[in-house]
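Asks: This is start-v6.txt, which holds compact mmCIF, C-alpha atoms:
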```txt
# COMPACT_ATOMS: atom_id res chain seq x y z
CA MET A 219 -17.22 -13.98 -46.23
CA VAL A 220 -17.00 -12.38 -42.78
CA ARG A 221 -17.13 -15.83 -41.20
CA VAL A 222 -14.22 -17.00 -43.40
CA LEU A 223 -12.11 -13.93 -42.47
CA CYS A 224 -12.79 -14.46 -38.76
CA ASP A 225 -11.83 -18.11 -39.00
CA TYR A 226 -8.64 -17.18 -40.87
CA ALA A 227 -7.72 -14.58 -38.22
CA PHE A 228 -8.37 -17.09 -35.44
CA ILE A 229 -6.13 -19.66 -37.14
CA LYS A 230 -3.33 -17.10 -37.53
CA ILE A 231 -3.57 -16.06 -33.87
CA SER A 232 -3.55 -19.71 -32.79
CA GLU A 233 -0.47 -20.36 -34.93
CA ARG A 234 1.29 -17.34 -33.40
CA VAL A 235 0.47 -18.49 -29.86
CA LEU A 236 1.74 -22.00 -30.66
CA ILE A 237 5.00 -20.56 -32.04
CA MET A 238 5.46 -18.46 -28.88
CA GLU A 239 4.82 -21.51 -26.69
CA ASN A 240 7.33 -23.57 -28.66
CA ASN A 241 9.84 -20.72 -28.48
CA TYR A 242 9.41 -20.55 -24.71
CA GLU A 243 10.05 -24.30 -24.45
CA GLN A 244 13.32 -23.82 -26.31
CA PHE A 245 14.07 -20.72 -24.24
CA LYS A 246 13.82 -22.78 -21.04
CA LYS A 247 16.36 -25.24 -22.46
CA ASP A 248 18.67 -22.38 -23.48
CA VAL A 249 18.43 -20.79 -20.02
CA TYR A 250 19.25 -24.09 -18.35
CA ALA A 251 22.31 -24.53 -20.58
CA LEU A 252 23.50 -21.02 -19.68
CA THR A 253 22.63 -20.84 -15.98
CA LYS A 254 21.64 -24.36 -14.76
CA ILE A 255 18.37 -22.77 -13.57
CA ASP A 256 15.50 -25.09 -14.48
CA LEU A 257 12.50 -22.91 -15.35
CA ASN A 258 10.29 -26.02 -15.49
CA ALA A 259 10.41 -26.04 -11.67
CA TYR A 260 8.84 -22.56 -11.45
CA LYS A 261 5.18 -21.64 -11.84
CA GLU A 262 5.12 -21.00 -15.57
CA LYS A 263 2.55 -18.21 -15.91
CA GLN A 264 4.16 -16.12 -13.18
CA MET A 265 7.75 -16.65 -14.34
CA LYS A 266 6.97 -16.20 -18.04
CA ARG A 267 5.29 -12.87 -17.27
CA ARG A 268 8.39 -11.67 -15.42
CA ILE A 269 10.69 -12.74 -18.25
CA ASP A 270 8.48 -11.16 -20.94
CA THR A 271 8.56 -7.88 -18.98
CA LEU A 272 12.38 -7.95 -18.88
CA ILE A 273 12.62 -8.74 -22.60
CA ALA A 274 10.30 -5.82 -23.42
CA LYS A 275 12.29 -3.51 -21.13
CA HIS A 276 15.47 -4.19 -23.14
CA LYS A 277 13.58 -4.00 -26.47
CA TYR A 278 14.44 -7.50 -27.71
CA SER A 279 12.13 -8.93 -30.36
CA GLY A 280 11.69 -12.31 -28.69
CA TYR A 281 13.23 -15.21 -26.80
CA ASN A 282 15.82 -16.17 -29.41
CA GLU A 283 17.23 -12.66 -29.69
CA PHE A 284 17.22 -12.31 -25.91
CA VAL A 285 19.23 -15.55 -25.51
CA THR A 286 21.80 -14.14 -27.94
CA GLY A 287 21.96 -11.04 -25.74
CA LEU A 288 22.50 -13.16 -22.64
CA LYS A 289 25.40 -14.95 -24.33
CA THR A 290 27.14 -11.76 -25.42
CA ASN A 291 26.32 -9.21 -22.71
CA PRO A 292 27.66 -10.05 -19.21
CA VAL A 293 25.79 -7.12 -17.64
CA LEU A 294 22.48 -8.34 -19.09
CA PHE A 295 23.27 -11.89 -17.99
CA ASP A 296 23.85 -10.78 -14.37
CA GLU A 297 20.69 -8.69 -14.41
CA PHE A 298 18.71 -11.64 -15.79
CA VAL A 299 19.89 -14.09 -13.13
CA ASN A 300 19.27 -11.53 -10.41
CA TYR A 301 15.79 -10.81 -11.83
CA LEU A 302 15.02 -14.49 -12.23
CA THR A 303 15.87 -15.52 -8.70
CA ILE A 304 13.47 -12.96 -7.16
CA ASN A 305 15.56 -11.58 -4.32
CA VAL A 306 13.39 -9.95 -1.70
CA SER A 307 14.73 -10.02 1.84
CA GLU A 308 14.99 -8.11 5.10
CA PHE A 309 16.39 -8.55 8.60
CA TYR A 310 14.10 -10.29 11.11
CA ARG A 311 11.30 -10.68 8.59
CA ASN A 312 8.11 -11.59 10.52
CA PRO A 313 9.49 -10.65 13.98
CA GLU A 314 7.01 -12.86 15.88
CA GLN A 315 8.57 -15.92 14.26
CA TRP A 316 12.06 -14.76 15.27
CA ASP A 317 10.71 -14.29 18.80
CA TYR A 318 9.68 -17.97 18.85
CA LEU A 319 13.08 -18.87 17.41
CA GLU A 320 14.77 -17.05 20.30
CA LYS A 321 12.54 -18.24 23.11
CA LYS A 322 11.99 -21.85 22.08
CA VAL A 323 13.86 -23.19 19.04
CA ILE A 324 17.45 -22.05 19.68
CA PRO A 325 17.42 -22.95 23.43
CA ASP A 326 16.04 -26.42 22.59
CA LEU A 327 18.65 -27.00 19.88
CA ILE A 328 21.50 -25.98 22.19
CA ALA A 329 20.11 -28.18 24.97
CA LYS A 330 19.96 -31.19 22.61
CA PHE A 331 23.06 -30.70 20.50
CA GLY A 332 25.38 -28.39 22.44
CA HIS A 333 27.06 -25.17 21.40
CA GLY A 334 28.25 -26.44 18.03
CA ILE A 335 24.85 -26.34 16.35
CA ARG A 336 25.03 -26.34 12.56
CA ILE A 337 22.68 -23.98 10.70
CA TRP A 338 22.16 -23.62 6.95
CA SER A 339 20.47 -20.52 5.47
CA ALA A 340 19.35 -21.80 2.05
CA ALA A 341 18.54 -19.33 -0.75
CA CYS A 342 19.99 -16.61 1.48
CA SER A 343 19.64 -13.76 -1.05
CA THR A 344 21.48 -10.59 0.10
CA GLY A 345 22.45 -12.06 3.47
CA ASP A 346 19.78 -10.51 5.68
CA GLU A 347 18.68 -13.90 7.00
CA PRO A 348 22.04 -15.52 7.87
CA TYR A 349 23.27 -12.29 9.46
CA SER A 350 20.03 -12.14 11.47
CA LEU A 351 20.73 -15.68 12.64
CA VAL A 352 24.24 -14.74 13.76
CA MET A 353 22.94 -11.78 15.76
CA LEU A 354 20.25 -13.90 17.40
CA LEU A 355 22.74 -16.66 18.25
CA SER A 356 25.06 -14.05 19.79
CA LYS A 357 22.56 -13.87 22.66
CA PHE A 358 23.40 -17.51 23.46
CA LEU A 359 26.94 -18.07 22.21
CA PRO A 360 30.15 -16.06 21.72
CA LEU A 361 30.63 -14.98 18.12
CA ASN A 362 33.75 -17.12 17.70
CA GLN A 363 31.56 -20.21 18.19
CA ILE A 364 28.96 -19.25 15.58
CA LYS A 365 29.23 -20.53 12.01
CA ILE A 366 26.36 -20.23 9.54
CA LEU A 367 26.38 -21.77 6.05
CA ALA A 368 24.59 -19.45 3.61
CA SER A 369 23.87 -20.46 0.03
CA ASP A 370 22.25 -18.99 -3.06
CA ILE A 371 22.22 -19.63 -6.79
CA ASP A 372 22.92 -15.99 -7.61
CA ASP A 373 26.54 -14.78 -7.49
CA GLN A 374 25.39 -11.16 -7.68
CA VAL A 375 23.30 -11.22 -4.51
CA MET A 376 25.97 -13.17 -2.63
CA ALA A 377 28.47 -10.48 -3.60
CA LYS A 378 26.08 -7.92 -2.08
CA ALA A 379 25.77 -10.07 1.04
CA LYS A 380 29.55 -10.25 1.45
CA THR A 381 29.77 -6.46 1.10
CA GLY A 382 27.17 -6.07 3.85
CA LEU A 383 25.64 -2.73 2.86
CA TYR A 384 21.91 -2.29 3.51
CA LYS A 385 19.32 0.44 3.15
CA SER A 386 17.46 1.53 6.26
CA GLN A 387 14.19 -0.12 5.22
CA SER A 388 15.87 -3.53 5.34
CA LEU A 389 16.48 -2.95 9.05
CA ASN A 390 12.96 -1.88 9.99
CA SER A 391 12.14 -5.11 11.88
CA LEU A 392 15.60 -5.61 13.39
CA PRO A 393 15.76 -5.23 17.20
CA ALA A 394 17.23 -1.84 18.12
CA GLU A 395 19.96 -3.47 20.21
CA PHE A 396 21.37 -5.24 17.14
CA LYS A 397 21.13 -2.21 14.90
CA LYS A 398 23.01 -0.13 17.46
CA LYS A 399 25.65 -2.77 18.20
CA TYR A 400 26.37 -4.25 14.77
CA PHE A 401 25.64 -1.53 12.19
CA LYS A 402 27.25 1.76 11.24
CA GLU A 403 25.51 4.39 9.11
CA ILE A 404 28.07 5.25 6.44
CA SER A 405 25.83 7.60 4.44
CA PRO A 406 22.25 8.81 4.89
CA GLY A 407 20.02 5.72 4.98
CA VAL A 408 22.83 3.26 4.18
CA PHE A 409 24.22 0.96 6.88
CA GLN A 410 27.32 -1.26 6.97
CA ILE A 411 27.16 -4.47 9.00
CA SER A 412 30.16 -5.16 11.23
CA ASP A 413 33.00 -7.46 10.17
CA GLU A 414 32.60 -9.51 13.34
CA ILE A 415 29.13 -10.58 12.15
CA LYS A 416 30.26 -11.17 8.56
CA LYS A 417 33.05 -13.47 9.72
CA CYS A 418 30.48 -15.89 11.14
CA VAL A 419 28.89 -16.62 7.74
CA MET A 420 30.35 -18.82 5.00
CA PHE A 421 28.76 -18.29 1.58
CA MET A 422 28.41 -21.05 -0.99
CA LYS A 423 26.86 -21.12 -4.44
CA HIS A 424 24.10 -23.72 -4.47
CA ASN A 425 21.18 -24.64 -6.74
CA LEU A 426 18.32 -26.14 -4.71
CA LEU A 427 16.99 -27.89 -7.81
CA LYS A 428 20.23 -29.46 -8.99
CA ASP A 429 23.10 -29.62 -6.48
CA LEU A 430 23.82 -32.08 -3.69
CA TYR A 431 22.61 -30.93 -0.28
CA PRO A 432 24.94 -30.59 2.73
CA ARG A 433 24.19 -33.04 5.55
CA ASP A 434 23.86 -33.25 9.33
CA TYR A 435 22.41 -29.80 9.98
CA HIS A 436 20.52 -28.97 13.16
CA MET A 437 18.45 -26.23 11.52
CA ILE A 438 17.72 -25.17 7.94
CA VAL A 439 16.22 -21.76 7.23
CA CYS A 440 14.62 -21.35 3.79
CA ARG A 441 11.98 -18.66 3.65
CA ASN A 442 9.84 -16.99 1.00
CA VAL A 443 11.55 -18.75 -1.89
CA LEU A 444 9.62 -21.94 -2.61
CA ILE A 445 6.33 -20.08 -3.21
CA TYR A 446 7.61 -19.53 -6.76
CA PHE A 447 8.19 -23.24 -7.41
CA THR A 448 5.82 -25.91 -8.67
CA GLU A 449 4.29 -28.32 -6.16
CA GLU A 450 6.48 -31.15 -7.46
CA ALA A 451 9.66 -29.11 -7.02
CA LYS A 452 8.63 -28.03 -3.51
CA LEU A 453 8.02 -31.63 -2.43
CA GLU A 454 11.41 -32.69 -3.73
CA ILE A 455 13.16 -29.84 -1.91
CA TYR A 456 11.35 -30.51 1.38
CA ARG A 457 12.38 -34.17 1.16
CA LYS A 458 15.99 -33.20 0.54
CA PHE A 459 15.91 -30.77 3.47
CA ASN A 460 14.63 -33.61 5.62
CA ASP A 461 17.56 -35.77 4.54
CA SER A 462 19.94 -32.90 5.36
CA LEU A 463 18.67 -32.52 8.91
CA VAL A 464 19.78 -34.57 11.89
CA ARG A 465 16.99 -36.34 13.78
CA GLU A 466 14.89 -33.69 15.57
CA GLY A 467 16.46 -30.94 13.46
CA ILE A 468 14.30 -27.98 12.50
CA LEU A 469 13.21 -26.57 9.13
CA PHE A 470 12.09 -22.92 9.34
CA VAL A 471 10.05 -21.71 6.34
CA GLY A 472 8.41 -18.44 5.26
CA SER A 473 5.06 -17.05 6.31
CA THR A 474 3.45 -18.00 2.98
CA GLU A 475 4.91 -21.50 2.86
CA GLN A 476 3.00 -23.78 5.22
CA ILE A 477 3.67 -27.45 4.45
CA THR A 478 0.21 -29.02 4.57
CA ASN A 479 1.39 -32.61 4.06
CA TYR A 480 4.38 -32.38 6.43
CA LYS A 481 3.64 -35.75 8.06
CA GLU A 482 4.04 -37.53 4.73
CA LEU A 483 7.44 -35.86 4.39
CA ASN A 484 8.66 -37.13 7.78
CA TYR A 485 8.16 -33.92 9.76
CA ILE A 486 6.18 -32.95 12.81
CA SER A 487 5.15 -29.32 13.35
CA PRO A 488 5.60 -27.87 16.86
CA LYS A 489 4.42 -24.47 15.56
CA THR A 490 3.29 -23.00 12.24
CA PHE A 491 6.25 -22.46 9.88
CA PHE A 492 8.53 -24.69 11.99
CA TYR A 493 8.95 -28.36 11.07
CA GLN A 494 10.94 -30.91 13.02
CA LYS A 495 12.45 -34.02 11.45
CA ASN A 496 10.55 -37.00 12.82
```
Any chance you could give the structure as structure tokens?
Replies:
Amino acid sequence: MVRVLCDYAFIKISERVLIMENNYEQFKKDVYALTKIDLNAYKEKQMKRRIDTLIAKHKYSGYNEFVTGLKTNPVLFDEFVNYLTINVSEFYRNPEQWDYLEKKVIPDLIAKFGHGIRIWSAACSTGDEPYSLVMLLSKFLPLNQIKILASDIDDQVMAKAKTGLYKSQSLNSLPAEFKKKYFKEISPGVFQISDEIKKCVMFMKHNLLKDLYPRDYHMIVCRNVLIYFTEEAKLEIYRKFNDSLVREGILFVGSTEQITNYKELNYISPKTFFYQKN
């Protein structure tokens, strides 16, 4: 009798797990229809855990009810997209890599391609990276010659980027000369970036998994984003970045995103985290 009850309980648990899995499959389709974000391209266990946490926080009973909430509550929808796209950023993240960028990469690009070098900051989040690029380039070029394309899938973070307000911890790795020259503390621990830096960045909504990629760029910066994607999605994105670069253009990735098979993707690697189109 005990054996029968245990078997029955196991069957019921298995059925419940299968229902949840099927619901999540439908949920991914619903999310794509609403946002054009393809959750199949993300590592499922990690992303599902994040989404389940958000659903529990708002006390929804499950995926179906949460989708209804997304359709009817604009504030929840914005929070969901912002939560989903995992926006973590800071100025001059990994300063030693920015040092190499200043001493080697930017001088080489200017020597090869002139002062009109084209740079794309992909998945730019709250703007820390493209604004860092502008400040670095200002050591080589006048600001009126600097134009950075910055893109992200999330309207909310791009709105923050355009506002240009940052907490002090975001500036911890930024060289003191830039903080002094281009930022103003407008309240304790809150800094406003200067308009002259903001004018050098053009923001564009862009989905790395779905949209066409801009072409003929001399450098693409995409850091600490692809770690959340599946291997198949990463390969596809790295190939598209390669197509977007001019010959000998540079792809600069994050410190957790080494491309082990870069040769197969038509890159050479002059230094870790920097990949040159072959």
Asks: Determine the nearest neighbour of Ala451 in chain A from the options A:Leu257, A:Leu463, A:Leu389, A:Val249, counting all atoms listed in the file.
Replies: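 Under the stated criterion, the closest residue is A:Leu257.
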Asks: Show me, as a list in words, the residues that have an atom within 12 Å of Val464 in chain A when counting only C-alpha atoms, minus same-chain residues fewer than 4 positions from it.
Replies: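 Non-adjacent residues within range: Leu327, Lys330, Phe331, Ile335, Arg336, Ile337, Pro432, Arg433, Asp434, Tyr435, His436, Met437, Ile438, Phe459, Asn460, Ile468, Leu469, Tyr485, Gln494, Lys495 and Asn496 of chain A.
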Asks: Find the residue from A:Glu320, A:Asp370, A:Asp326, A:Glu283 that sits nearest to Trp338 in chain A; use only C-alpha atoms when measuring.
Replies: A:Asp370
Asks: Which residue out of A:Ser339, A:Ser369, A:Ser391, A:Ser279 has the minimum interatomic distance to Phe421 in chain A when all atoms listed in the file are used?
Replies: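 Of the candidates, the smallest distance to Phe421 in chain A is held by A:Ser369.
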Asks: Do you know which residues are at most 10 Å from range 342-350 of chain A counting only C-alpha atoms, after dropping those on the same chain fewer than 3 positions away, and could you put them as a ChimeraX atom specification?
Replies: /A:300,303-311,316,337-339,353-356,365-384,388-389,392-393,396,411,415-422,439-441,443
Asks: For each of A:Tyr242, A:Gln387, A:His333, A:Val323, take the minimum atom-to-atom distance to Glu466 in chain A, counting all atoms listed in the file, then give the residue where this is smallest.
Replies: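 With all atoms listed in the file as the atom set, the closest residue is A:Val323.
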Asks: Between CA of Lys423 in chain A and CA of Thr290 in chain A, measure the distance and give it in Å to one decimal.
Replies: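 According to the coordinates, CA of Lys423 in chain A and CA of Thr290 in chain A are separated by 23.0 Å.
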Asks: How far is it from CA of Ile455 in chain A to CA of Leu302 in chain A, in Å with one decimal?
Replies: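 These atoms are spaced 18.6 Å apart.
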Asks: How about completing range 244-272 of chain A with N, CA and C atoms and giving it to me as an mmCIF file, in the frame of the given file?
Replies:
```cif
data_model
loop_
_atom_site.group_PDB
_atom_site.id
_atom_site.type_symbol
_atom_site.label_atom_id
_atom_site.label_comp_id
_atom_site.auth_asym_id
_atom_site.auth_seq_id
_atom_site.Cartn_x
_atom_site.Cartn_y
_atom_site.Cartn_z
ATOM 1 N N GLN A 244 11.910 -23.852 -25.942
ATOM 2 C CA GLN A 244 13.320 -23.820 -26.310
ATOM 3 C C GLN A 244 14.084 -22.845 -25.435
ATOM 4 N N PHE A 245 13.449 -21.724 -25.112
ATOM 5 C CA PHE A 245 14.070 -20.720 -24.240
ATOM 6 C C PHE A 245 14.424 -21.332 -22.893
ATOM 7 N N LYS A 246 13.541 -22.139 -22.328
ATOM 8 C CA LYS A 246 13.820 -22.780 -21.040
ATOM 9 C C LYS A 246 15.050 -23.688 -21.135
ATOM 10 N N LYS A 247 15.181 -24.380 -22.252
ATOM 11 C CA LYS A 247 16.360 -25.240 -22.460
ATOM 12 C C LYS A 247 17.628 -24.389 -22.572
ATOM 13 N N ASP A 248 17.521 -23.277 -23.311
ATOM 14 C CA ASP A 248 18.670 -22.380 -23.480
ATOM 15 C C ASP A 248 19.102 -21.786 -22.132
ATOM 16 N N VAL A 249 18.129 -21.373 -21.330
ATOM 17 C CA VAL A 249 18.430 -20.790 -20.020
ATOM 18 C C VAL A 249 19.110 -21.820 -19.126
ATOM 19 N N TYR A 250 18.625 -23.047 -19.171
ATOM 20 C CA TYR A 250 19.250 -24.090 -18.350
ATOM 21 C C TYR A 250 20.703 -24.322 -18.784
ATOM 22 N N ALA A 251 20.936 -24.336 -20.081
ATOM 23 C CA ALA A 251 22.310 -24.530 -20.580
ATOM 24 C C ALA A 251 23.222 -23.403 -20.132
ATOM 25 N N LEU A 252 22.690 -22.174 -20.057
ATOM 26 C CA LEU A 252 23.500 -21.020 -19.680
ATOM 27 C C LEU A 252 23.684 -20.877 -18.174
ATOM 28 N N THR A 253 22.640 -21.185 -17.411
ATOM 29 C CA THR A 253 22.630 -20.840 -15.980
ATOM 30 C C THR A 253 22.458 -22.030 -15.039
ATOM 31 N N LYS A 254 22.023 -23.185 -15.573
ATOM 32 C CA LYS A 254 21.640 -24.360 -14.760
ATOM 33 C C LYS A 254 20.420 -24.070 -13.883
ATOM 34 N N ILE A 255 19.654 -23.035 -14.234
ATOM 35 C CA ILE A 255 18.370 -22.770 -13.570
ATOM 36 C C ILE A 255 17.274 -23.433 -14.403
ATOM 37 N N ASP A 256 16.529 -24.334 -13.775
ATOM 38 C CA ASP A 256 15.500 -25.090 -14.480
ATOM 39 C C ASP A 256 14.164 -24.368 -14.348
ATOM 40 N N LEU A 257 13.751 -23.675 -15.393
ATOM 41 C CA LEU A 257 12.500 -22.910 -15.350
ATOM 42 C C LEU A 257 11.273 -23.802 -15.284
ATOM 43 N N ASN A 258 11.427 -25.091 -15.603
ATOM 44 C CA ASN A 258 10.290 -26.020 -15.490
ATOM 45 C C ASN A 258 9.850 -26.189 -14.035
ATOM 46 N N ALA A 259 10.731 -25.874 -13.090
ATOM 47 C CA ALA A 259 10.410 -26.040 -11.670
ATOM 48 C C ALA A 259 9.665 -24.840 -11.096
ATOM 49 N N TYR A 260 9.530 -23.770 -11.903
ATOM 50 C CA TYR A 260 8.840 -22.560 -11.450
ATOM 51 C C TYR A 260 7.423 -22.523 -12.024
ATOM 52 N N LYS A 261 6.531 -21.835 -11.327
ATOM 53 C CA LYS A 261 5.180 -21.640 -11.840
ATOM 54 C C LYS A 261 5.259 -20.861 -13.153
ATOM 55 N N GLU A 262 4.807 -21.511 -14.241
ATOM 56 C CA GLU A 262 5.120 -21.000 -15.570
ATOM 57 C C GLU A 262 4.489 -19.639 -15.865
ATOM 58 N N LYS A 263 3.221 -19.467 -15.566
ATOM 59 C CA LYS A 263 2.550 -18.210 -15.910
ATOM 60 C C LYS A 263 3.228 -17.027 -15.233
ATOM 61 N N GLN A 264 3.544 -17.198 -13.959
ATOM 62 C CA GLN A 264 4.160 -16.120 -13.180
ATOM 63 C C GLN A 264 5.570 -15.812 -13.686
ATOM 64 N N MET A 265 6.367 -16.850 -13.917
ATOM 65 C CA MET A 265 7.750 -16.650 -14.340
ATOM 66 C C MET A 265 7.821 -16.115 -15.773
ATOM 67 N N LYS A 266 6.973 -16.654 -16.644
ATOM 68 C CA LYS A 266 6.970 -16.200 -18.040
ATOM 69 C C LYS A 266 6.607 -14.719 -18.114
ATOM 70 N N ARG A 267 5.669 -14.281 -17.288
ATOM 71 C CA ARG A 267 5.290 -12.870 -17.270
ATOM 72 C C ARG A 267 6.461 -11.987 -16.855
ATOM 73 N N ARG A 268 7.216 -12.432 -15.868
ATOM 74 C CA ARG A 268 8.390 -11.670 -15.420
ATOM 75 C C ARG A 268 9.431 -11.580 -16.538
ATOM 76 N N ILE A 269 9.679 -12.713 -17.191
ATOM 77 C CA ILE A 269 10.690 -12.740 -18.250
ATOM 78 C C ILE A 269 10.262 -11.878 -19.435
ATOM 79 N N ASP A 270 8.985 -11.968 -19.822
ATOM 80 C CA ASP A 270 8.480 -11.160 -20.940
ATOM 81 C C ASP A 270 8.629 -9.668 -20.642
ATOM 82 N N THR A 271 8.408 -9.292 -19.383
ATOM 83 C CA THR A 271 8.560 -7.880 -18.980
ATOM 84 C C THR A 271 10.012 -7.426 -19.153
ATOM 85 N N LEU A 272 10.962 -8.296 -18.761
ATOM 86 C CA LEU A 272 12.380 -7.950 -18.880
ATOM 87 C C LEU A 272 12.795 -7.853 -20.350
#
```
